[in-house]
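Coordinates from input_30.pdb are shown below (PDB, C-alpha atoms).
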```pdb
MODEL        1
ATOM      1  CA  MET V   1     142.458  77.676  98.172  1.00  0.00           C
ATOM      2  CA  PRO V   2     140.667  76.812 101.404  1.00  0.00           C
ATOM      3  CA  VAL V   3     138.425  79.770 102.252  1.00  0.00           C
ATOM      4  CA  SER V   4     135.343  80.461 104.355  1.00  0.00           C
ATOM      5  CA  ILE V   5     132.017  81.951 103.426  1.00  0.00           C
ATOM      6  CA  GLN V   6     129.866  83.633 106.061  1.00  0.00           C
ATOM      7  CA  ILE V   7     126.177  82.955 105.489  1.00  0.00           C
ATOM      8  CA  PRO V   8     123.551  85.597 106.317  1.00  0.00           C
ATOM      9  CA  THR V   9     120.713  84.712 108.661  1.00  0.00           C
ATOM     10  CA  ALA V  10     118.109  84.613 105.890  1.00  0.00           C
ATOM     11  CA  LEU V  11     119.984  81.874 104.023  1.00  0.00           C
ATOM     12  CA  ARG V  12     121.076  79.628 106.907  1.00  0.00           C
ATOM     13  CA  ALA V  13     118.028  77.422 106.429  1.00  0.00           C
ATOM     14  CA  PHE V  14     119.836  76.188 103.292  1.00  0.00           C
ATOM     15  CA  THR V  15     123.082  75.387 105.141  1.00  0.00           C
ATOM     16  CA  ASN V  16     121.497  73.381 107.962  1.00  0.00           C
ATOM     17  CA  GLY V  17     121.794  76.461 110.161  1.00  0.00           C
ATOM     18  CA  ALA V  18     125.500  76.936 109.583  1.00  0.00           C
ATOM     19  CA  ALA V  19     126.658  80.559 109.781  1.00  0.00           C
ATOM     20  CA  ARG V  20     129.920  79.694 108.094  1.00  0.00           C
ATOM     21  CA  VAL V  21     130.785  77.213 105.348  1.00  0.00           C
ATOM     22  CA  ASP V  22     134.334  76.197 104.361  1.00  0.00           C
ATOM     23  CA  VAL V  23     134.933  75.696 100.633  1.00  0.00           C
ATOM     24  CA  ASP V  24     137.753  75.531  98.122  1.00  0.00           C
ATOM     25  CA  GLY V  25     138.131  78.198  95.456  1.00  0.00           C
ATOM     26  CA  ASP V  26     140.800  80.252  93.737  1.00  0.00           C
ATOM     27  CA  THR V  27     138.376  83.069  92.954  1.00  0.00           C
ATOM     28  CA  ALA V  28     135.253  84.510  94.548  1.00  0.00           C
ATOM     29  CA  GLY V  29     133.148  83.019  91.767  1.00  0.00           C
ATOM     30  CA  ALA V  30     134.699  79.581  92.210  1.00  0.00           C
ATOM     31  CA  ALA V  31     134.140  79.705  95.964  1.00  0.00           C
ATOM     32  CA  LEU V  32     130.487  80.737  95.539  1.00  0.00           C
ATOM     33  CA  ASN V  33     130.007  77.997  92.956  1.00  0.00           C
ATOM     34  CA  ALA V  34     131.495  75.490  95.372  1.00  0.00           C
ATOM     35  CA  LEU V  35     129.014  76.723  97.986  1.00  0.00           C
ATOM     36  CA  THR V  36     126.034  76.234  95.692  1.00  0.00           C
ATOM     37  CA  THR V  37     127.336  72.845  94.545  1.00  0.00           C
ATOM     38  CA  THR V  38     127.262  71.551  98.113  1.00  0.00           C
ATOM     39  CA  HIS V  39     124.107  73.552  98.952  1.00  0.00           C
ATOM     40  CA  PRO V  40     122.152  73.690  95.657  1.00  0.00           C
ATOM     41  CA  ALA V  41     119.035  75.263  97.185  1.00  0.00           C
ATOM     42  CA  LEU V  42     121.076  78.435  97.710  1.00  0.00           C
ATOM     43  CA  SER V  43     121.713  78.918  94.024  1.00  0.00           C
ATOM     44  CA  ALA V  44     118.371  80.480  93.048  1.00  0.00           C
ATOM     45  CA  HIS V  45     118.646  83.047  95.842  1.00  0.00           C
ATOM     46  CA  LEU V  46     122.236  84.077  95.134  1.00  0.00           C
ATOM     47  CA  ARG V  47     122.151  84.225  91.345  1.00  0.00           C
ATOM     48  CA  GLY V  48     119.531  85.283  88.819  1.00  0.00           C
ATOM     49  CA  PRO V  49     118.529  83.297  85.724  1.00  0.00           C
ATOM     50  CA  ASP V  50     121.464  84.853  83.852  1.00  0.00           C
ATOM     51  CA  GLY V  51     123.928  83.474  86.382  1.00  0.00           C
ATOM     52  CA  ALA V  52     124.928  86.897  87.708  1.00  0.00           C
ATOM     53  CA  LEU V  53     124.756  87.628  91.412  1.00  0.00           C
ATOM     54  CA  ARG V  54     121.367  89.122  92.257  1.00  0.00           C
ATOM     55  CA  SER V  55     121.569  92.891  92.731  1.00  0.00           C
ATOM     56  CA  PHE V  56     120.788  92.655  96.449  1.00  0.00           C
ATOM     57  CA  VAL V  57     123.450  89.986  97.095  1.00  0.00           C
ATOM     58  CA  ASN V  58     126.602  91.794  98.174  1.00  0.00           C
ATOM     59  CA  VAL V  59     129.778  89.784  98.631  1.00  0.00           C
ATOM     60  CA  TYR V  60     132.685  91.143 100.618  1.00  0.00           C
ATOM     61  CA  LEU V  61     136.221  89.815 100.573  1.00  0.00           C
ATOM     62  CA  ASN V  62     137.415  90.718 104.031  1.00  0.00           C
ATOM     63  CA  ASP V  63     136.165  94.341 104.004  1.00  0.00           C
ATOM     64  CA  GLU V  64     135.888  95.054 100.300  1.00  0.00           C
ATOM     65  CA  ASP V  65     132.858  94.586  98.048  1.00  0.00           C
ATOM     66  CA  ILE V  66     133.964  92.303  95.216  1.00  0.00           C
ATOM     67  CA  ARG V  67     132.080  94.566  92.786  1.00  0.00           C
ATOM     68  CA  PHE V  68     134.937  97.026  93.293  1.00  0.00           C
ATOM     69  CA  LEU V  69     137.582  94.345  92.980  1.00  0.00           C
ATOM     70  CA  GLN V  70     137.291  91.838  90.143  1.00  0.00           C
ATOM     71  CA  ARG V  71     133.771  90.533  90.871  1.00  0.00           C
ATOM     72  CA  ASP V  72     133.619  86.751  90.360  1.00  0.00           C
ATOM     73  CA  ALA V  73     137.222  86.806  89.130  1.00  0.00           C
ATOM     74  CA  THR V  74     138.487  88.282  92.415  1.00  0.00           C
ATOM     75  CA  PRO V  75     141.443  86.102  93.404  1.00  0.00           C
ATOM     76  CA  LEU V  76     141.437  84.480  96.828  1.00  0.00           C
ATOM     77  CA  ARG V  77     144.227  83.459  99.180  1.00  0.00           C
ATOM     78  CA  ALA V  78     144.169  80.605 101.668  1.00  0.00           C
ATOM     79  CA  GLY V  79     142.300  81.651 104.780  1.00  0.00           C
ATOM     80  CA  ASP V  80     140.309  84.433 103.112  1.00  0.00           C
ATOM     81  CA  THR V  81     136.723  85.017 104.230  1.00  0.00           C
ATOM     82  CA  LEU V  82     133.898  85.933 101.900  1.00  0.00           C
ATOM     83  CA  ILE V  83     130.884  87.511 103.594  1.00  0.00           C
ATOM     84  CA  ILE V  84     127.477  87.461 101.927  1.00  0.00           C
ATOM     85  CA  VAL V  85     125.616  90.596 103.014  1.00  0.00           C
ATOM     86  CA  PRO V  86     122.184  91.026 101.473  1.00  0.00           C
ATOM     87  CA  SER V  87     120.729  94.479 101.100  1.00  0.00           C
ATOM     88  CA  ILE V  88     116.972  94.973 101.001  1.00  0.00           C
ATOM     89  CA  ALA V  89     114.966  96.707  98.351  1.00  0.00           C
ATOM     90  CA  GLY V  90     111.445  96.864  97.134  1.00  0.00           C
ATOM     91  CA  GLY V  91     108.637  99.136  96.169  1.00  0.00           C
ATOM     92  CA  LEU V  92     105.655  99.529  93.958  1.00  0.00           C
TER
ATOM     93  CA  MET Y   1     102.396  80.656 108.829  1.00  0.00           C
ATOM     94  CA  ALA Y   2     101.715  83.320 111.418  1.00  0.00           C
ATOM     95  CA  LEU Y   3     103.435  86.450 112.621  1.00  0.00           C
ATOM     96  CA  ASN Y   4     102.693  88.256 115.857  1.00  0.00           C
ATOM     97  CA  VAL Y   5     103.787  91.866 116.083  1.00  0.00           C
ATOM     98  CA  HIS Y   6     103.647  93.329 119.583  1.00  0.00           C
ATOM     99  CA  PRO Y   7     101.288  96.334 119.696  1.00  0.00           C
ATOM    100  CA  THR Y   8     104.149  98.616 120.674  1.00  0.00           C
ATOM    101  CA  ALA Y   9     106.189  97.528 117.659  1.00  0.00           C
ATOM    102  CA  LEU Y  10     103.187  97.888 115.382  1.00  0.00           C
ATOM    103  CA  ALA Y  11     102.608 101.405 116.700  1.00  0.00           C
ATOM    104  CA  VAL Y  12     106.223 102.306 115.930  1.00  0.00           C
ATOM    105  CA  LEU Y  13     106.122 101.121 112.342  1.00  0.00           C
ATOM    106  CA  HIS Y  14     102.707 102.661 111.726  1.00  0.00           C
ATOM    107  CA  ALA Y  15     103.956 106.010 113.072  1.00  0.00           C
ATOM    108  CA  HIS Y  16     107.047 105.725 110.869  1.00  0.00           C
ATOM    109  CA  ALA Y  17     104.866 105.051 107.836  1.00  0.00           C
ATOM    110  CA  ARG Y  18     102.527 107.989 108.562  1.00  0.00           C
ATOM    111  CA  GLU Y  19     105.415 110.379 109.185  1.00  0.00           C
ATOM    112  CA  GLY Y  20     107.175 109.306 105.983  1.00  0.00           C
ATOM    113  CA  TYR Y  21     104.097 109.682 103.786  1.00  0.00           C
ATOM    114  CA  PRO Y  22     104.015 110.206 100.807  1.00  0.00           C
ATOM    115  CA  HIS Y  23     107.347 108.421 100.636  1.00  0.00           C
ATOM    116  CA  GLU Y  24     108.053 104.753 101.320  1.00  0.00           C
ATOM    117  CA  VAL Y  25     109.636 103.996 104.672  1.00  0.00           C
ATOM    118  CA  VAL Y  26     111.531 100.864 105.695  1.00  0.00           C
ATOM    119  CA  GLY Y  27     112.658  99.182 108.865  1.00  0.00           C
ATOM    120  CA  VAL Y  28     113.631  95.960 110.591  1.00  0.00           C
ATOM    121  CA  LEU Y  29     111.323  93.645 112.509  1.00  0.00           C
ATOM    122  CA  ALA Y  30     113.167  92.159 115.488  1.00  0.00           C
ATOM    123  CA  GLY Y  31     112.239  89.430 117.930  1.00  0.00           C
ATOM    124  CA  GLU Y  32     112.235  85.627 117.887  1.00  0.00           C
ATOM    125  CA  ARG Y  33     112.463  84.084 114.416  1.00  0.00           C
ATOM    126  CA  ASP Y  34     111.373  80.555 115.224  1.00  0.00           C
ATOM    127  CA  ALA Y  35     108.390  81.762 117.243  1.00  0.00           C
ATOM    128  CA  GLY Y  36     107.316  84.256 114.577  1.00  0.00           C
ATOM    129  CA  ARG Y  37     107.200  86.953 117.215  1.00  0.00           C
ATOM    130  CA  VAL Y  38     108.175  90.575 116.646  1.00  0.00           C
ATOM    131  CA  VAL Y  39     108.842  92.633 119.767  1.00  0.00           C
ATOM    132  CA  ARG Y  40     110.502  95.655 118.210  1.00  0.00           C
ATOM    133  CA  ALA Y  41     110.307  97.627 114.981  1.00  0.00           C
ATOM    134  CA  VAL Y  42     113.495  99.505 114.086  1.00  0.00           C
ATOM    135  CA  PRO Y  43     113.044 102.349 111.582  1.00  0.00           C
ATOM    136  CA  LEU Y  44     115.813 102.677 109.006  1.00  0.00           C
ATOM    137  CA  HIS Y  45     116.683 105.362 106.483  1.00  0.00           C
ATOM    138  CA  ASN Y  46     115.399 104.784 102.952  1.00  0.00           C
ATOM    139  CA  GLU Y  47     118.493 105.129 100.771  1.00  0.00           C
ATOM    140  CA  ARG Y  48     116.516 105.624  97.535  1.00  0.00           C
ATOM    141  CA  ALA Y  49     116.635 109.426  97.662  1.00  0.00           C
ATOM    142  CA  ASP Y  50     116.085 109.488  93.896  1.00  0.00           C
ATOM    143  CA  ARG Y  51     112.572 108.000  94.025  1.00  0.00           C
ATOM    144  CA  PRO Y  52     111.394 107.449  97.605  1.00  0.00           C
ATOM    145  CA  GLU Y  53     107.752 107.691  96.588  1.00  0.00           C
ATOM    146  CA  ASP Y  54     107.787 104.172  95.186  1.00  0.00           C
ATOM    147  CA  ARG Y  55     111.146 102.548  96.035  1.00  0.00           C
ATOM    148  CA  TYR Y  56     113.091 101.673  99.157  1.00  0.00           C
ATOM    149  CA  GLU Y  57     116.578 100.298  99.675  1.00  0.00           C
ATOM    150  CA  VAL Y  58     118.903  99.729 102.620  1.00  0.00           C
ATOM    151  CA  SER Y  59     122.513  98.674 102.103  1.00  0.00           C
ATOM    152  CA  GLY Y  60     123.806  95.356 103.307  1.00  0.00           C
ATOM    153  CA  LEU Y  61     126.340  96.927 105.660  1.00  0.00           C
ATOM    154  CA  THR Y  62     123.654  99.059 107.339  1.00  0.00           C
ATOM    155  CA  LEU Y  63     121.522  95.970 107.824  1.00  0.00           C
ATOM    156  CA  HIS Y  64     124.485  93.936 109.031  1.00  0.00           C
ATOM    157  CA  ARG Y  65     125.289  96.570 111.693  1.00  0.00           C
ATOM    158  CA  ALA Y  66     121.636  96.766 112.737  1.00  0.00           C
ATOM    159  CA  GLU Y  67     121.518  92.982 113.040  1.00  0.00           C
ATOM    160  CA  GLU Y  68     124.683  92.949 115.175  1.00  0.00           C
ATOM    161  CA  ARG Y  69     123.261  95.620 117.518  1.00  0.00           C
ATOM    162  CA  LEU Y  70     120.049  93.647 117.895  1.00  0.00           C
ATOM    163  CA  ALA Y  71     121.992  90.433 118.544  1.00  0.00           C
ATOM    164  CA  GLN Y  72     123.738  92.159 121.459  1.00  0.00           C
ATOM    165  CA  GLU Y  73     120.284  92.576 122.977  1.00  0.00           C
ATOM    166  CA  GLY Y  74     119.356  88.975 122.265  1.00  0.00           C
ATOM    167  CA  LEU Y  75     117.049  89.864 119.399  1.00  0.00           C
ATOM    168  CA  GLU Y  76     116.952  88.293 115.947  1.00  0.00           C
ATOM    169  CA  VAL Y  77     115.904  89.797 112.636  1.00  0.00           C
ATOM    170  CA  VAL Y  78     112.511  88.288 111.890  1.00  0.00           C
ATOM    171  CA  GLY Y  79     111.946  90.346 108.759  1.00  0.00           C
ATOM    172  CA  TYR Y  80     111.438  93.827 107.400  1.00  0.00           C
ATOM    173  CA  TYR Y  81     108.618  96.299 106.986  1.00  0.00           C
ATOM    174  CA  HIS Y  82     107.983  98.939 104.404  1.00  0.00           C
ATOM    175  CA  SER Y  83     105.100 101.192 103.451  1.00  0.00           C
ATOM    176  CA  HIS Y  84     103.051 101.591 100.285  1.00  0.00           C
ATOM    177  CA  PRO Y  85     101.849 105.210 100.011  1.00  0.00           C
ATOM    178  CA  ASP Y  86      98.376 105.311  98.467  1.00  0.00           C
ATOM    179  CA  HIS Y  87      98.704 101.697  97.408  1.00  0.00           C
ATOM    180  CA  PRO Y  88      97.407  98.388  98.823  1.00  0.00           C
ATOM    181  CA  ALA Y  89      99.472  96.283 101.211  1.00  0.00           C
ATOM    182  CA  LEU Y  90     100.102  93.737  98.439  1.00  0.00           C
ATOM    183  CA  TYR Y  91     103.592  92.731  97.407  1.00  0.00           C
ATOM    184  CA  SER Y  92     104.794  93.851  93.990  1.00  0.00           C
ATOM    185  CA  ALA Y  93     106.877  91.903  91.492  1.00  0.00           C
ATOM    186  CA  PHE Y  94     109.766  94.160  92.510  1.00  0.00           C
ATOM    187  CA  ASP Y  95     109.198  93.258  96.177  1.00  0.00           C
ATOM    188  CA  ARG Y  96     109.199  89.557  95.268  1.00  0.00           C
ATOM    189  CA  ASP Y  97     112.311  89.802  93.088  1.00  0.00           C
ATOM    190  CA  HIS Y  98     114.264  91.366  95.960  1.00  0.00           C
ATOM    191  CA  ALA Y  99     113.035  89.150  98.783  1.00  0.00           C
ATOM    192  CA  LEU Y 100     114.718  86.254 100.525  1.00  0.00           C
ATOM    193  CA  PRO Y 101     112.935  83.193 101.895  1.00  0.00           C
ATOM    194  CA  HIS Y 102     112.391  82.519 105.586  1.00  0.00           C
ATOM    195  CA  MET Y 103     111.906  86.222 106.355  1.00  0.00           C
ATOM    196  CA  SER Y 104     108.684  88.142 106.998  1.00  0.00           C
ATOM    197  CA  TYR Y 105     107.978  91.111 104.740  1.00  0.00           C
ATOM    198  CA  LEU Y 106     105.338  93.293 106.352  1.00  0.00           C
ATOM    199  CA  ILE Y 107     103.733  95.927 104.158  1.00  0.00           C
ATOM    200  CA  THR Y 108     101.583  98.722 105.512  1.00  0.00           C
ATOM    201  CA  SER Y 109      99.339 100.708 103.216  1.00  0.00           C
ATOM    202  CA  VAL Y 110      99.199 104.426 103.974  1.00  0.00           C
ATOM    203  CA  VAL Y 111      96.392 106.359 102.294  1.00  0.00           C
ATOM    204  CA  GLY Y 112      96.182 110.077 102.798  1.00  0.00           C
ATOM    205  CA  ALA Y 113      98.703 109.754 105.635  1.00  0.00           C
ATOM    206  CA  GLN Y 114      96.493 107.257 107.491  1.00  0.00           C
ATOM    207  CA  ILE Y 115      97.141 103.537 107.928  1.00  0.00           C
ATOM    208  CA  ALA Y 116      94.705 101.685 105.689  1.00  0.00           C
ATOM    209  CA  ASP Y 117      95.905  98.061 105.913  1.00  0.00           C
ATOM    210  CA  THR Y 118      98.841  95.983 107.125  1.00  0.00           C
ATOM    211  CA  ARG Y 119      99.706  92.526 105.772  1.00  0.00           C
ATOM    212  CA  SER Y 120     102.741  90.284 105.880  1.00  0.00           C
ATOM    213  CA  TRP Y 121     104.286  88.039 103.261  1.00  0.00           C
ATOM    214  CA  ARG Y 122     106.920  85.326 102.918  1.00  0.00           C
ATOM    215  CA  LEU Y 123     108.752  84.325  99.742  1.00  0.00           C
ATOM    216  CA  ARG Y 124     108.336  80.771  98.516  1.00  0.00           C
ATOM    217  CA  GLU Y 125     111.601  78.835  98.215  1.00  0.00           C
ATOM    218  CA  ASP Y 126     111.176  78.590  94.438  1.00  0.00           C
ATOM    219  CA  ARG Y 127     110.789  82.399  94.289  1.00  0.00           C
ATOM    220  CA  SER Y 128     107.604  82.095  92.252  1.00  0.00           C
ATOM    221  CA  ALA Y 129     105.378  84.068  94.624  1.00  0.00           C
ATOM    222  CA  MET Y 130     104.956  85.310  98.180  1.00  0.00           C
ATOM    223  CA  ASP Y 131     102.436  83.752 100.543  1.00  0.00           C
ATOM    224  CA  GLU Y 132     100.504  85.813 103.032  1.00  0.00           C
ATOM    225  CA  GLU Y 133     101.032  84.975 106.688  1.00  0.00           C
ATOM    226  CA  PHE Y 134      98.390  85.390 109.362  1.00  0.00           C
ATOM    227  CA  LEU Y 135      99.152  88.591 111.226  1.00  0.00           C
ATOM    228  CA  THR Y 136      98.255  89.217 114.859  1.00  0.00           C
ATOM    229  CA  SER Y 137      99.133  91.952 117.292  1.00  0.00           C
ATOM    230  CA  LEU Y 138      98.975  90.535 120.805  1.00  0.00           C
ATOM    231  CA  GLU Y 139     100.979  91.408 123.912  1.00  0.00           C
TER
ENDMDL
END
```
Rewrite the coordinates I just gave you, this time as C-alpha cells.
Amino acid sequence: MPVSIQIPTALRAFTNGAARVDVDGDTAGAALNALTTTHPALSAHLRGPDGALRSFVNVYLNDEDIRFLQRDATPLRAGDTLIIVPSIAGGL
Amino acid sequence: MALNVHPTALAVLHAHAREGYPHEVVGVLAGERDAGRVVRAVPLHNERADRPEDRYEVSGLTLHRAEERLAQEGLEVVGYYHSHPDHPALYSAFDRDHALPHMSYLITSVVGAQIADTRSWRLREDRSAMDEEFLTSLE
C-alpha cells in the first residue's frame, strides 16, 4: 500500500531534510521497515537492539497511537499517514 | 559545537529549575536550529508524577503541539532543558538512551534550590555517548 510517513524535526537530518517520506507497506511495521531500508541511519534511533520501537518513539496512524491498535501489525490502507512523534524523557 | 542561549531564556529556565526544586523540571529550547541560537525557553509540565525527583517525561503530542505553536511564531525547536536536583549537570545513561541526535540537551544542576552549573549535550549519531557543546549566553 502506498502510504506516507511524517518525520519529526529531530530525525530529518537522516532524510535529507524531508518532513515526509512516501513508502510502501501493508502494515505499520512494514512501512517503518521500508523507511529504514531507504534511510538506514534512522534505524538505530527508531528501534532498540531488540528490534522493538524505542519507548520514546510514538507512531500514530492518522490520530491513533499504534500501541493501542495492533502495533507493528497495524494494517494500513492506501493513502494512510503514519506520524512519528517522539516524546522526551530522562533523569538521573 | 556551540549553543548560545539568550540571557532572558536562560533566566526563564533557571527560574523554572529553582521553583521546581527538589523535583526535575523540563522545557523546550526554541530559536534557530542551524545557528545554534536559543531565544526562548518554554517550561513544560513534567508528566512523571510518580517520581519527579529523578525522572522527567513529556508526551509526544504535547511536544508536537508546542512545536506547532512555536512554528507559528517562526521559531524552531533547538532542543530541550531539564534540571538535576542536587546532582551535577552531567548526562546520565538514561538521558542518553532517550535522546535523539541533532538536538541540544541542556542540563542545569540545582543544589539547595540554587543554580550550581549549566551544561549542554548532543547525542552522537551512533548513540554511544553525548558530547558537550560550548555554551554561551549572549544577547
Test item: which residues lie within 12 Å of (132.1, 81.3, 88.4) counting all atoms listed in the file, as a PyMOL selection string: chain V and resi 25-37+47+51-53+70-75
Residues within 9 Å of (144.4, 83.7, 100.8), counting all atoms listed in the file, listed as a PyMOL selection string: chain V and resi 1-3+26+75-81
Dump C-alpha atoms for the selected residues as a PDB file, keeping the file's coordinate frame?
```pdb
ATOM      1  CA  MET V   1     142.458  77.676  98.172  1.00  0.00           C
ATOM      2  CA  PRO V   2     140.667  76.812 101.404  1.00  0.00           C
ATOM      3  CA  VAL V   3     138.425  79.770 102.252  1.00  0.00           C
ATOM      4  CA  ASP V  26     140.800  80.252  93.737  1.00  0.00           C
ATOM      5  CA  PRO V  75     141.443  86.102  93.404  1.00  0.00           C
ATOM      6  CA  LEU V  76     141.437  84.480  96.828  1.00  0.00           C
ATOM      7  CA  ARG V  77     144.227  83.459  99.180  1.00  0.00           C
ATOM      8  CA  ALA V  78     144.169  80.605 101.668  1.00  0.00           C
ATOM      9  CA  GLY V  79     142.300  81.651 104.780  1.00  0.00           C
ATOM     10  CA  ASP V  80     140.309  84.433 103.112  1.00  0.00           C
ATOM     11  CA  THR V  81     136.723  85.017 104.230  1.00  0.00           C
TER      12      THR V  81
END
```
Spatial neighbours of segment 24-27 of chain Y, 9 Å, only C-alpha atoms, chain gap at least 6 places, as a PDB file with C-alpha atoms, keeping the file's coordinate frame:
```pdb
ATOM      1  CA  GLY V  91     108.637  99.136  96.169  1.00  0.00           C
TER       2      GLY V  91
ATOM      3  CA  LEU Y  13     106.122 101.121 112.342  1.00  0.00           C
ATOM      4  CA  HIS Y  16     107.047 105.725 110.869  1.00  0.00           C
ATOM      5  CA  ALA Y  17     104.866 105.051 107.836  1.00  0.00           C
ATOM      6  CA  ALA Y  41     110.307  97.627 114.981  1.00  0.00           C
ATOM      7  CA  VAL Y  42     113.495  99.505 114.086  1.00  0.00           C
ATOM      8  CA  PRO Y  43     113.044 102.349 111.582  1.00  0.00           C
ATOM      9  CA  LEU Y  44     115.813 102.677 109.006  1.00  0.00           C
ATOM     10  CA  HIS Y  45     116.683 105.362 106.483  1.00  0.00           C
ATOM     11  CA  ASN Y  46     115.399 104.784 102.952  1.00  0.00           C
ATOM     12  CA  PRO Y  52     111.394 107.449  97.605  1.00  0.00           C
ATOM     13  CA  GLU Y  53     107.752 107.691  96.588  1.00  0.00           C
ATOM     14  CA  ASP Y  54     107.787 104.172  95.186  1.00  0.00           C
ATOM     15  CA  ARG Y  55     111.146 102.548  96.035  1.00  0.00           C
ATOM     16  CA  TYR Y  56     113.091 101.673  99.157  1.00  0.00           C
ATOM     17  CA  GLU Y  57     116.578 100.298  99.675  1.00  0.00           C
ATOM     18  CA  VAL Y  58     118.903  99.729 102.620  1.00  0.00           C
ATOM     19  CA  GLY Y  79     111.946  90.346 108.759  1.00  0.00           C
ATOM     20  CA  TYR Y  80     111.438  93.827 107.400  1.00  0.00           C
ATOM     21  CA  TYR Y  81     108.618  96.299 106.986  1.00  0.00           C
ATOM     22  CA  HIS Y  82     107.983  98.939 104.404  1.00  0.00           C
ATOM     23  CA  SER Y  83     105.100 101.192 103.451  1.00  0.00           C
ATOM     24  CA  HIS Y  84     103.051 101.591 100.285  1.00  0.00           C
ATOM     25  CA  PRO Y  85     101.849 105.210 100.011  1.00  0.00           C
TER      26      PRO Y  85
END
```
Hits from the PyMOL selection byres ((chain Y) within 7 of (chain V)), listed as a list of chain:residue names: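 For this structure, the PyMOL selection byres ((chain Y) within 7 of (chain V)) captures Y:Asp54, Y:Arg55, Y:Tyr56, Y:Glu57, Y:Val58, Y:Ser59, Y:Gly60, Y:Leu61, Y:Leu63, Y:His64, Y:Ser92, Y:Phe94, Y:Asp95, Y:His98, Y:Leu100, Y:Pro101, Y:His102, Y:Met103.
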Straight-line distance linking atom CA of Arg65 of chain Y with atom CA of Asn4 of chain Y, stated in Å to one decimal: 24.4 Å
Taking all atoms of segment 17-24 of chain Y that the file lists and extending 4 Å past them on each side, where is the centre of the axis-aligned box and how long are its edges? Answer in Å to one decimal, as JSON.
```
{"center_x": 105.3, "center_y": 107.6, "center_z": 104.9, "size_x": 13.5, "size_y": 13.6, "size_z": 16.5}
```
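Coordinates place atom CA of Glu67 of chain Y at a distance of 20.1 Å from atom CA of Ile107 of chain Y.
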Atom CA of Met1 of chain Y to atom CA of Arg96 of chain Y, straight-line distance in Å: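 Computing the Euclidean distance for atom CA of Arg96 of chain Y and atom CA of Met1 of chain Y yields 17.6 Å.
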Given all atoms listed in the file as the counted atoms, nearest of Y:Glu47, Y:Asp86, Y:Glu133, Y:Glu125 to Ser104 of chain Y: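 Answer, going by the shortest atom-to-atom distance: Y:Glu133.
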Given the PyMOL selection byres ((chain Y and resi 88) around 9) and the file above, list the residues it selects as a tab-separated table (two decimals) with C-alpha atoms, in the coordinates of the input.
```tsv
chain	number	residue	atom	x	y	z
Y	84	HIS	CA	103.05	101.59	100.28
Y	85	PRO	CA	101.85	105.21	100.01
Y	86	ASP	CA	98.38	105.31	98.47
Y	87	HIS	CA	98.70	101.70	97.41
Y	89	ALA	CA	99.47	96.28	101.21
Y	90	LEU	CA	100.10	93.74	98.44
Y	91	TYR	CA	103.59	92.73	97.41
Y	107	ILE	CA	103.73	95.93	104.16
Y	108	THR	CA	101.58	98.72	105.51
Y	109	SER	CA	99.34	100.71	103.22
Y	110	VAL	CA	99.20	104.43	103.97
Y	111	VAL	CA	96.39	106.36	102.29
Y	116	ALA	CA	94.70	101.68	105.69
Y	117	ASP	CA	95.90	98.06	105.91
Y	118	THR	CA	98.84	95.98	107.12
```
Polymer residues at most 7 Å from Ile5 of chain V, only C-alpha atoms, same-chain spacing of 5 or more positions, as an MDAnalysis selection string: chainID V and resid 20:22 81:83
Residues in the PyMOL selection byres ((chain Y and resi 78) around 8), expressed as a PyMOL selection string: chain Y and resi 28-33+36-38+76-77+79-80+103-104
Residue nearest Thr38 of chain V among V:Ile66, V:Leu61, V:Asp50, V:Asn16 (counting all atoms listed in the file):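 Once distances to Thr38 of chain V are computed over all atoms listed in the file, the minimum belongs to V:Asn16.
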Among the residues Y:Ala35, Y:Ala15, Y:Thr136, Y:Ala99, the one that comes closest to Trp121 of chain Y [using only C-alpha atoms]: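 Closest residue, counting only C-alpha atoms: Y:Ala99.
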